[in-house]
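As stored in coords_30.pdb (PDB, C-alpha atoms):
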ATOM      1  CA  MET P   1      79.696  96.211  82.433  1.00  0.00           C
ATOM      2  CA  THR P   2      81.601  98.012  85.154  1.00  0.00           C
ATOM      3  CA  LYS P   3      83.120 101.276  84.041  1.00  0.00           C
ATOM      4  CA  ILE P   4      86.298 102.332  85.828  1.00  0.00           C
ATOM      5  CA  GLU P   5      87.745 105.737  85.084  1.00  0.00           C
ATOM      6  CA  VAL P   6      91.085 107.139  86.167  1.00  0.00           C
ATOM      7  CA  LEU P   7      90.880 110.908  86.189  1.00  0.00           C
ATOM      8  CA  GLY P   8      94.228 112.625  85.978  1.00  0.00           C
ATOM      9  CA  THR P   9      96.365 114.549  83.583  1.00  0.00           C
ATOM     10  CA  GLY P  10      98.780 111.694  82.930  1.00  0.00           C
ATOM     11  CA  CYS P  11     101.577 112.047  85.456  1.00  0.00           C
ATOM     12  CA  ALA P  12     103.364 109.123  87.113  1.00  0.00           C
ATOM     13  CA  LYS P  13     100.761 108.813  89.857  1.00  0.00           C
ATOM     14  CA  CYS P  14      97.907 108.652  87.357  1.00  0.00           C
ATOM     15  CA  LYS P  15      99.717 105.867  85.528  1.00  0.00           C
ATOM     16  CA  ARG P  16     100.224 103.943  88.761  1.00  0.00           C
ATOM     17  CA  LEU P  17      96.527 104.247  89.585  1.00  0.00           C
ATOM     18  CA  PHE P  18      95.591 103.054  86.110  1.00  0.00           C
ATOM     19  CA  ALA P  19      97.895 100.034  86.484  1.00  0.00           C
ATOM     20  CA  ASN P  20      96.395  99.229  89.901  1.00  0.00           C
ATOM     21  CA  ALA P  21      92.866  99.385  88.479  1.00  0.00           C
ATOM     22  CA  GLU P  22      93.819  97.072  85.628  1.00  0.00           C
ATOM     23  CA  GLN P  23      95.428  94.631  88.061  1.00  0.00           C
ATOM     24  CA  ALA P  24      92.312  94.619  90.265  1.00  0.00           C
ATOM     25  CA  VAL P  25      90.117  93.797  87.272  1.00  0.00           C
ATOM     26  CA  LYS P  26      92.508  91.048  86.222  1.00  0.00           C
ATOM     27  CA  ASP P  27      92.619  89.547  89.721  1.00  0.00           C
ATOM     28  CA  LEU P  28      88.842  89.543  90.060  1.00  0.00           C
ATOM     29  CA  GLN P  29      88.405  88.173  86.526  1.00  0.00           C
ATOM     30  CA  ILE P  30      85.524  90.526  85.882  1.00  0.00           C
ATOM     31  CA  THR P  31      84.508  92.282  82.722  1.00  0.00           C
ATOM     32  CA  ALA P  32      85.209  95.948  83.145  1.00  0.00           C
ATOM     33  CA  GLU P  33      86.210  98.879  81.034  1.00  0.00           C
ATOM     34  CA  VAL P  34      89.204 100.771  82.427  1.00  0.00           C
ATOM     35  CA  ILE P  35      89.707 104.141  80.798  1.00  0.00           C
ATOM     36  CA  LYS P  36      91.777 107.268  81.335  1.00  0.00           C
ATOM     37  CA  VAL P  37      90.231 110.706  81.515  1.00  0.00           C
ATOM     38  CA  GLU P  38      93.075 113.151  80.918  1.00  0.00           C
ATOM     39  CA  ASP P  39      91.189 116.234  79.798  1.00  0.00           C
ATOM     40  CA  ILE P  40      91.545 118.739  82.646  1.00  0.00           C
ATOM     41  CA  ALA P  41      88.271 120.468  81.739  1.00  0.00           C
ATOM     42  CA  GLU P  42      86.367 117.203  82.039  1.00  0.00           C
ATOM     43  CA  ILE P  43      88.169 116.309  85.270  1.00  0.00           C
ATOM     44  CA  VAL P  44      87.159 119.618  86.856  1.00  0.00           C
ATOM     45  CA  GLU P  45      83.652 119.295  85.449  1.00  0.00           C
ATOM     46  CA  ARG P  46      83.383 115.963  87.235  1.00  0.00           C
ATOM     47  CA  GLY P  47      84.116 117.771  90.504  1.00  0.00           C
ATOM     48  CA  VAL P  48      87.623 116.395  90.993  1.00  0.00           C
ATOM     49  CA  MET P  49      89.876 119.019  92.516  1.00  0.00           C
ATOM     50  CA  LEU P  50      92.648 116.687  93.675  1.00  0.00           C
ATOM     51  CA  PRO P  51      93.746 114.312  90.940  1.00  0.00           C
ATOM     52  CA  PRO P  52      94.292 111.507  90.449  1.00  0.00           C
ATOM     53  CA  ALA P  53      90.818 110.184  91.130  1.00  0.00           C
ATOM     54  CA  LEU P  54      89.189 106.813  90.680  1.00  0.00           C
ATOM     55  CA  SER P  55      85.617 106.636  89.509  1.00  0.00           C
ATOM     56  CA  ILE P  56      83.572 103.450  89.415  1.00  0.00           C
ATOM     57  CA  ASN P  57      80.359 103.542  87.409  1.00  0.00           C
ATOM     58  CA  GLY P  58      80.354 107.324  87.534  1.00  0.00           C
ATOM     59  CA  GLU P  59      80.951 107.664  91.281  1.00  0.00           C
ATOM     60  CA  VAL P  60      84.268 109.099  92.486  1.00  0.00           C
ATOM     61  CA  ARG P  61      85.585 106.621  95.076  1.00  0.00           C
ATOM     62  CA  ALA P  62      89.077 107.975  95.714  1.00  0.00           C
ATOM     63  CA  GLU P  63      90.593 111.378  95.143  1.00  0.00           C
ATOM     64  CA  GLY P  64      94.100 112.719  95.547  1.00  0.00           C
ATOM     65  CA  ARG P  65      95.630 109.357  96.344  1.00  0.00           C
ATOM     66  CA  ILE P  66      96.372 106.007  94.788  1.00  0.00           C
ATOM     67  CA  PRO P  67      94.380 103.147  96.296  1.00  0.00           C
ATOM     68  CA  ASP P  68      96.253  99.855  96.146  1.00  0.00           C
ATOM     69  CA  VAL P  69      95.003  96.807  94.264  1.00  0.00           C
ATOM     70  CA  ASN P  70      93.256  95.237  97.263  1.00  0.00           C
ATOM     71  CA  GLU P  71      91.393  98.438  98.064  1.00  0.00           C
ATOM     72  CA  ILE P  72      90.173  98.738  94.481  1.00  0.00           C
ATOM     73  CA  LYS P  73      89.114  95.089  94.535  1.00  0.00           C
ATOM     74  CA  LYS P  74      87.058  95.784  97.667  1.00  0.00           C
ATOM     75  CA  MET P  75      85.436  98.777  95.954  1.00  0.00           C
ATOM     76  CA  LEU P  76      84.566  96.605  92.976  1.00  0.00           C
ATOM     77  CA  THR P  77      83.034  93.828  95.053  1.00  0.00           C
ATOM     78  CA  GLU P  78      80.966  95.996  97.395  1.00  0.00           C
TER      79      GLU P  78
ATOM     80  CA  MET W   1     115.462 107.067  84.983  1.00  0.00           C
ATOM     81  CA  ALA W   2     112.517 107.552  87.288  1.00  0.00           C
ATOM     82  CA  GLU W   3     109.571 109.421  85.935  1.00  0.00           C
ATOM     83  CA  LYS W   4     108.974 112.412  88.139  1.00  0.00           C
ATOM     84  CA  PRO W   5     105.449 113.621  88.767  1.00  0.00           C
ATOM     85  CA  THR W   6     104.641 116.497  86.453  1.00  0.00           C
ATOM     86  CA  CYS W   7     101.958 117.894  88.718  1.00  0.00           C
ATOM     87  CA  SER W   8     101.288 118.408  92.392  1.00  0.00           C
ATOM     88  CA  CYS W   9      98.529 115.813  92.539  1.00  0.00           C
ATOM     89  CA  GLY W  10      98.206 113.125  95.150  1.00  0.00           C
ATOM     90  CA  ALA W  11      97.710 115.532  98.035  1.00  0.00           C
ATOM     91  CA  ASN W  12      95.752 112.921  99.999  1.00  0.00           C
ATOM     92  CA  GLU W  13      98.499 110.309  99.856  1.00  0.00           C
ATOM     93  CA  PRO W  14      99.440 108.909 103.261  1.00  0.00           C
ATOM     94  CA  LYS W  15     102.730 110.038 104.762  1.00  0.00           C
ATOM     95  CA  ARG W  16     105.072 107.128 104.178  1.00  0.00           C
ATOM     96  CA  ILE W  17     108.645 106.469 105.182  1.00  0.00           C
ATOM     97  CA  ILE W  18     110.650 103.932 103.179  1.00  0.00           C
ATOM     98  CA  PHE W  19     113.546 101.919 104.590  1.00  0.00           C
ATOM     99  CA  PRO W  20     115.645 100.021 102.021  1.00  0.00           C
ATOM    100  CA  CYS W  21     118.009  97.406 103.422  1.00  0.00           C
ATOM    101  CA  ALA W  22     120.708  98.784 101.082  1.00  0.00           C
ATOM    102  CA  GLY W  23     122.773  95.606 101.378  1.00  0.00           C
ATOM    103  CA  GLN W  24     125.865  95.015  99.260  1.00  0.00           C
ATOM    104  CA  ALA W  25     124.326  92.339  97.026  1.00  0.00           C
ATOM    105  CA  ASN W  26     122.496  93.236  93.842  1.00  0.00           C
ATOM    106  CA  VAL W  27     119.143  92.879  95.583  1.00  0.00           C
ATOM    107  CA  GLY W  28     120.260  95.165  98.405  1.00  0.00           C
ATOM    108  CA  GLN W  29     121.362  97.832  95.967  1.00  0.00           C
ATOM    109  CA  LEU W  30     118.083  97.408  94.119  1.00  0.00           C
ATOM    110  CA  THR W  31     116.134  98.247  97.281  1.00  0.00           C
ATOM    111  CA  ASN W  32     117.985 101.560  97.338  1.00  0.00           C
ATOM    112  CA  LEU W  33     117.211 102.349  93.708  1.00  0.00           C
ATOM    113  CA  ALA W  34     113.558 101.418  94.143  1.00  0.00           C
ATOM    114  CA  ALA W  35     113.267 103.563  97.277  1.00  0.00           C
ATOM    115  CA  ILE W  36     114.778 106.521  95.419  1.00  0.00           C
ATOM    116  CA  GLN W  37     112.351 106.090  92.529  1.00  0.00           C
ATOM    117  CA  LEU W  38     109.414 105.740  94.925  1.00  0.00           C
ATOM    118  CA  THR W  39     110.503 108.973  96.594  1.00  0.00           C
ATOM    119  CA  GLU W  40     110.757 110.746  93.237  1.00  0.00           C
ATOM    120  CA  GLU W  41     107.286 109.517  92.292  1.00  0.00           C
ATOM    121  CA  GLY W  42     105.853 110.880  95.538  1.00  0.00           C
ATOM    122  CA  TYR W  43     105.064 107.532  97.169  1.00  0.00           C
ATOM    123  CA  GLY W  44     106.965 108.350 100.330  1.00  0.00           C
ATOM    124  CA  ASN W  45     110.336 109.461 101.622  1.00  0.00           C
ATOM    125  CA  ILE W  46     113.432 107.291 101.701  1.00  0.00           C
ATOM    126  CA  ALA W  47     115.185 107.012 105.042  1.00  0.00           C
ATOM    127  CA  CYS W  48     118.368 105.359 106.197  1.00  0.00           C
ATOM    128  CA  ALA W  49     118.048 101.920 107.770  1.00  0.00           C
ATOM    129  CA  ALA W  50     121.565 102.260 109.223  1.00  0.00           C
ATOM    130  CA  LEU W  51     120.543 105.467 110.979  1.00  0.00           C
ATOM    131  CA  LEU W  52     117.539 103.624 112.363  1.00  0.00           C
ATOM    132  CA  ALA W  53     119.796 100.787 113.509  1.00  0.00           C
ATOM    133  CA  ILE W  54     121.726 103.104 115.844  1.00  0.00           C
ATOM    134  CA  GLY W  55     118.450 104.249 117.350  1.00  0.00           C
ATOM    135  CA  THR W  56     118.471 107.855 116.164  1.00  0.00           C
ATOM    136  CA  GLU W  57     115.652 109.320 118.181  1.00  0.00           C
ATOM    137  CA  SER W  58     114.331 111.748 115.583  1.00  0.00           C
ATOM    138  CA  LEU W  59     114.156 109.051 112.925  1.00  0.00           C
ATOM    139  CA  VAL W  60     112.432 106.605 115.252  1.00  0.00           C
ATOM    140  CA  THR W  61     109.919 109.338 116.089  1.00  0.00           C
ATOM    141  CA  ASN W  62     109.362 110.083 112.399  1.00  0.00           C
ATOM    142  CA  ALA W  63     108.798 106.406 111.707  1.00  0.00           C
ATOM    143  CA  MET W  64     106.308 106.177 114.574  1.00  0.00           C
ATOM    144  CA  ASN W  65     104.425 109.207 113.288  1.00  0.00           C
ATOM    145  CA  ALA W  66     104.296 108.069 109.672  1.00  0.00           C
ATOM    146  CA  ASP W  67     101.011 106.816 108.286  1.00  0.00           C
ATOM    147  CA  GLU W  68     102.841 103.835 106.884  1.00  0.00           C
ATOM    148  CA  VAL W  69     106.327 102.387 107.137  1.00  0.00           C
ATOM    149  CA  VAL W  70     107.506 100.620 103.989  1.00  0.00           C
ATOM    150  CA  ILE W  71     110.410  98.197 104.368  1.00  0.00           C
ATOM    151  CA  LEU W  72     112.311  96.866 101.372  1.00  0.00           C
ATOM    152  CA  ASP W  73     114.498  93.852 102.048  1.00  0.00           C
ATOM    153  CA  GLY W  74     116.690  92.374  99.360  1.00  0.00           C
ATOM    154  CA  CYS W  75     116.642  88.815 100.627  1.00  0.00           C
ATOM    155  CA  THR W  76     115.202  86.562 103.286  1.00  0.00           C
ATOM    156  CA  MET W  77     117.797  87.667 105.840  1.00  0.00           C
ATOM    157  CA  LEU W  78     115.251  90.471 106.405  1.00  0.00           C
ATOM    158  CA  CYS W  79     117.876  92.842 107.828  1.00  0.00           C
ATOM    159  CA  ALA W  80     115.813  96.004 107.419  1.00  0.00           C
ATOM    160  CA  LYS W  81     112.748  94.435 108.989  1.00  0.00           C
ATOM    161  CA  LYS W  82     114.837  93.230 111.935  1.00  0.00           C
ATOM    162  CA  ILE W  83     116.441  96.661 112.333  1.00  0.00           C
ATOM    163  CA  ALA W  84     113.013  98.290 112.385  1.00  0.00           C
ATOM    164  CA  GLY W  85     111.645  95.663 114.750  1.00  0.00           C
ATOM    165  CA  ALA W  86     114.525  96.254 117.170  1.00  0.00           C
ATOM    166  CA  GLN W  87     113.434  99.901 117.393  1.00  0.00           C
ATOM    167  CA  GLY W  88     109.777  98.911 117.790  1.00  0.00           C
ATOM    168  CA  VAL W  89     108.849 100.038 114.290  1.00  0.00           C
ATOM    169  CA  ALA W  90     106.409  97.790 112.467  1.00  0.00           C
ATOM    170  CA  ALA W  91     106.029  97.659 108.718  1.00  0.00           C
ATOM    171  CA  GLY W  92     102.787  98.613 107.044  1.00  0.00           C
ATOM    172  CA  GLN W  93     104.205  97.186 103.877  1.00  0.00           C
ATOM    173  CA  HIS W  94     107.131  94.791 103.574  1.00  0.00           C
ATOM    174  CA  LEU W  95     108.606  93.522 100.336  1.00  0.00           C
ATOM    175  CA  VAL W  96     111.354  90.938  99.892  1.00  0.00           C
ATOM    176  CA  LEU W  97     112.934  91.205  96.460  1.00  0.00           C
ATOM    177  CA  THR W  98     113.865  87.545  96.113  1.00  0.00           C
ATOM    178  CA  GLU W  99     110.184  86.742  96.668  1.00  0.00           C
ATOM    179  CA  LEU W 100     109.355  89.015  93.741  1.00  0.00           C
ATOM    180  CA  GLY W 101     111.403  86.751  91.503  1.00  0.00           C
ATOM    181  CA  ILE W 102     114.656  88.711  91.541  1.00  0.00           C
ATOM    182  CA  THR W 103     117.711  86.473  91.945  1.00  0.00           C
ATOM    183  CA  LYS W 104     120.290  87.384  94.568  1.00  0.00           C
ATOM    184  CA  GLY W 105     123.843  87.481  93.188  1.00  0.00           C
ATOM    185  CA  PRO W 106     126.396  86.440  92.214  1.00  0.00           C
ATOM    186  CA  SER W 107     126.248  89.230  89.661  1.00  0.00           C
ATOM    187  CA  LYS W 108     125.973  92.844  90.790  1.00  0.00           C
ATOM    188  CA  SER W 109     124.063  93.724  87.654  1.00  0.00           C
ATOM    189  CA  TYR W 110     120.422  94.732  87.518  1.00  0.00           C
ATOM    190  CA  THR W 111     118.055  96.199  84.997  1.00  0.00           C
ATOM    191  CA  ASP W 112     115.548  99.043  84.933  1.00  0.00           C
ATOM    192  CA  ASP W 113     112.865  96.361  84.716  1.00  0.00           C
ATOM    193  CA  ASP W 114     113.987  95.008  88.100  1.00  0.00           C
ATOM    194  CA  VAL W 115     113.558  98.462  89.653  1.00  0.00           C
ATOM    195  CA  GLU W 116     110.171  98.915  87.989  1.00  0.00           C
ATOM    196  CA  LYS W 117     108.995  95.534  89.287  1.00  0.00           C
ATOM    197  CA  ILE W 118     109.691  96.605  92.878  1.00  0.00           C
ATOM    198  CA  VAL W 119     108.240 100.085  92.501  1.00  0.00           C
ATOM    199  CA  ALA W 120     105.077  98.744  90.864  1.00  0.00           C
ATOM    200  CA  ALA W 121     104.709  96.131  93.619  1.00  0.00           C
ATOM    201  CA  CYS W 122     104.821  98.909  96.215  1.00  0.00           C
ATOM    202  CA  TRP W 123     102.206 101.015  94.476  1.00  0.00           C
ATOM    203  CA  LYS W 124     100.019  97.925  94.119  1.00  0.00           C
ATOM    204  CA  GLY W 125     100.387  97.199  97.823  1.00  0.00           C
ATOM    205  CA  GLU W 126     101.689  93.674  97.275  1.00  0.00           C
ATOM    206  CA  GLY W 127     103.599  93.715 100.534  1.00  0.00           C
ATOM    207  CA  ARG W 128     100.885  95.198 102.672  1.00  0.00           C
ATOM    208  CA  VAL W 129     100.817  93.792 106.177  1.00  0.00           C
ATOM    209  CA  GLU W 130      97.356  93.173 107.592  1.00  0.00           C
ATOM    210  CA  ASN W 131      96.154  93.288 111.174  1.00  0.00           C
ATOM    211  CA  ILE W 132      98.183  96.090 112.626  1.00  0.00           C
ATOM    212  CA  ALA W 133      96.398  98.994 114.258  1.00  0.00           C
ATOM    213  CA  LYS W 134      98.532 101.660 112.660  1.00  0.00           C
ATOM    214  CA  PRO W 135     101.479 101.000 110.390  1.00  0.00           C
ATOM    215  CA  GLY W 136     104.656 102.217 112.003  1.00  0.00           C
ATOM    216  CA  LYS W 137     103.187 102.296 115.465  1.00  0.00           C
ATOM    217  CA  LYS W 138     105.489 101.161 118.229  1.00  0.00           C
ATOM    218  CA  THR W 139     104.747  97.625 119.313  1.00  0.00           C
ATOM    219  CA  SER W 140     105.182  96.142 122.734  1.00  0.00           C
ATOM    220  CA  GLY W 141     107.703  93.595 121.529  1.00  0.00           C
ATOM    221  CA  LYS W 142     109.276  92.002 118.518  1.00  0.00           C
ATOM    222  CA  ASP W 143     106.697  89.980 116.590  1.00  0.00           C
ATOM    223  CA  SER W 144     104.788  89.246 119.782  1.00  0.00           C
ATOM    224  CA  GLY W 145     102.029  87.836 117.626  1.00  0.00           C
ATOM    225  CA  CYS W 146      99.200  89.047 119.844  1.00  0.00           C
ATOM    226  CA  GLY W 147      97.717  91.023 116.980  1.00  0.00           C
ATOM    227  CA  CYS W 148      96.843  93.992 119.170  1.00  0.00           C
ATOM    228  CA  GLY W 149      98.969  96.384 117.143  1.00  0.00           C
ATOM    229  CA  GLY W 150     100.907  97.506 120.178  1.00  0.00           C
ATOM    230  CA  THR W 151      98.050  98.457 122.457  1.00  0.00           C
ATOM    231  CA  CYS W 152      98.585  95.769 125.083  1.00  0.00           C
TER     232      CYS W 152
END
Written form, structure tokens:
Amino acid sequence: MTKIEVLGTGCAKCKRLFANAEQAVKDLQITAEVIKVEDIAEIVERGVMLPPALSINGEVRAEGRIPDVNEIKKMLTE
Amino acid sequence: MAEKPTCSCGANEPKRIIFPCAGQANVGQLTNLAAIQLTEEGYGNIACAALLAIGTESLVTNAMNADEVVILDGCTMLCAKKIAGAQGVAAGQHLVLTELGITKGPSKSYTDDDVEKIVAACWKGEGRVENIAKPGKKTSGKDSGCGCGGTC
């Protein structure tokens, strides 16, 4: 199962990214786990210096910006 | 009330400029409120469509230099889009509120949910315009339809 993580401390932008990721999963009708990683220590440990970040199956695909739904869908179908 | 970012994250966000139509109807006023909330959330910066309409050079230049121009129209009159088009400014994202399911008039009332629907649609990129070389780039004519993105 695809694992999508939104790494960010929980501000408005992080919430928007989380919503976009959920929408992308819904649109593609795939089974995926979308989770938030809000612990700053873990975020830094993962090498993310510019939150929010989007990680798909452990790989950071976007950092410091909010990809829109279509962009996330493309990432998920690559 | 818009939720303001509590951190300085999002440093890689594109530079966006947002033009609400700001018409007198409820949907026009909603474009204004949504643009303000988007600005507060760090999506982009609200700018005045009326100022663009009179061809203010500095604003036209700013719009041309933006990574993306976001146009919010209340209804299918598409006033803001036409204003931008008259100055050669193309939208990277264009949303029409009535197409999002918000009814135009006769009431002037609106809800926070209406504003949230528009703001969320922007963040999701629901109005993204495909096939332009660079959003906001000056085009050779109004809706010429050549698809070159203003390079011809």
Practice item. I need the residue set behind the PyMOL selection byres ((chain P) within 6 of (chain W)) for this file; please write it as a ChimeraX atom specification. Key: /P:11-12,20,51,64-65,68-69
Writer output for current selection, C-alpha atoms, as a PDB file, in the frame of the given file:
ATOM      1  CA  CYS P  11     101.577 112.047  85.456  1.00  0.00           C
ATOM      2  CA  ALA P  12     103.364 109.123  87.113  1.00  0.00           C
ATOM      3  CA  ASN P  20      96.395  99.229  89.901  1.00  0.00           C
ATOM      4  CA  PRO P  51      93.746 114.312  90.940  1.00  0.00           C
ATOM      5  CA  GLY P  64      94.100 112.719  95.547  1.00  0.00           C
ATOM      6  CA  ARG P  65      95.630 109.357  96.344  1.00  0.00           C
ATOM      7  CA  ASP P  68      96.253  99.855  96.146  1.00  0.00           C
ATOM      8  CA  VAL P  69      95.003  96.807  94.264  1.00  0.00           C
TER       9      VAL P  69
END
Exercise for review: I would like the residues chosen by the PyMOL selection byres ((chain P and resi 37-50) around 6) on the shown file; could you give them as a PyMOL selection string?
Suggested key: chain P and resi 6-9+36+51+63-64
Check your understanding: Could you state the separation of CA of Met64 (chain W) and CA of Gly23 (chain W) in Å, given to one decimal place?
Key ->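 Separation of CA of Met64 (chain W) and CA of Gly23 (chain W): 23.6 Å.
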Revision key, fill the gap. Taken to one decimal, the CA of Lys117 (chain W)-CA of Lys74 (chain P) distance is 23.5 Å
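Taking CA of Val69 (chain W) and CA of Ile72 (chain P) as the two end points, the separation is 20.8 Å.
For the choices W:Thr103, W:Asn65, W:Glu130, W:Ala49, the atom-to-atom distance to Lys82 (chain W) is smallest for W:Ala49 when using all atoms listed in the file.
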Exercise for review: Around the point (109.4, 87.9, 101.3), in the coordinates given by the file, pick out the residues reaching within 10 Å, counting only C-alpha atoms, and return them as a ChimeraX atom specification.
Suggested key: /W:72-78,94-100,127
Any chance you could resolve the PyMOL selection byres ((chain W and resi 35) around 9) against this file and give the residues as a compact mmCIF listing (two decimals) with C-alpha atoms, keeping the file's coordinate frame?
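Wrote part_18.txt, looks like this:
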# COMPACT_ATOMS: atom_id res chain seq x y z
CA ILE W 18 110.65 103.93 103.18
CA PHE W 19 113.55 101.92 104.59
CA PRO W 20 115.64 100.02 102.02
CA LEU W 30 118.08 97.41 94.12
CA THR W 31 116.13 98.25 97.28
CA ASN W 32 117.98 101.56 97.34
CA LEU W 33 117.21 102.35 93.71
CA ALA W 34 113.56 101.42 94.14
CA ILE W 36 114.78 106.52 95.42
CA GLN W 37 112.35 106.09 92.53
CA LEU W 38 109.41 105.74 94.92
CA THR W 39 110.50 108.97 96.59
CA GLU W 40 110.76 110.75 93.24
CA GLY W 44 106.96 108.35 100.33
CA ASN W 45 110.34 109.46 101.62
CA ILE W 46 113.43 107.29 101.70
CA ALA W 47 115.18 107.01 105.04
CA LEU W 72 112.31 96.87 101.37
CA ILE W 118 109.69 96.60 92.88
CA VAL W 119 108.24 100.08 92.50
Practice item. Tell me which of W:Val60, W:Val27, W:Cys21, W:Leu52 sits closest to Lys108 (chain W), counting only C-alpha atoms. Key: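 Smallest distance to Lys108 (chain W) is found for W:Val27.
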Point to revise | 12 Å contact set for Glu22 (chain P), all atoms listed in the file, chain neighbours under 2 positions out, as a count of residues only | key: 31
Exercise for review: Choose the residue, out of W:Gln29, W:Val89, W:Asp114, W:Cys79, that has the smallest atom-to-atom separation from Gly101 (chain W); count all atoms listed in the file.
Suggested key: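 Looking at the shortest contact to Gly101 (chain W), the residue is W:Asp114.
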**Study point:** Of the listed residues W:Gly105, W:Tyr110, W:Thr56, W:Gly88, that which approaches Gln24 (chain W) most closely, counting only C-alpha atoms
**Key:**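 Counting only C-alpha atoms, the residue closest to Gln24 (chain W) is W:Gly105.
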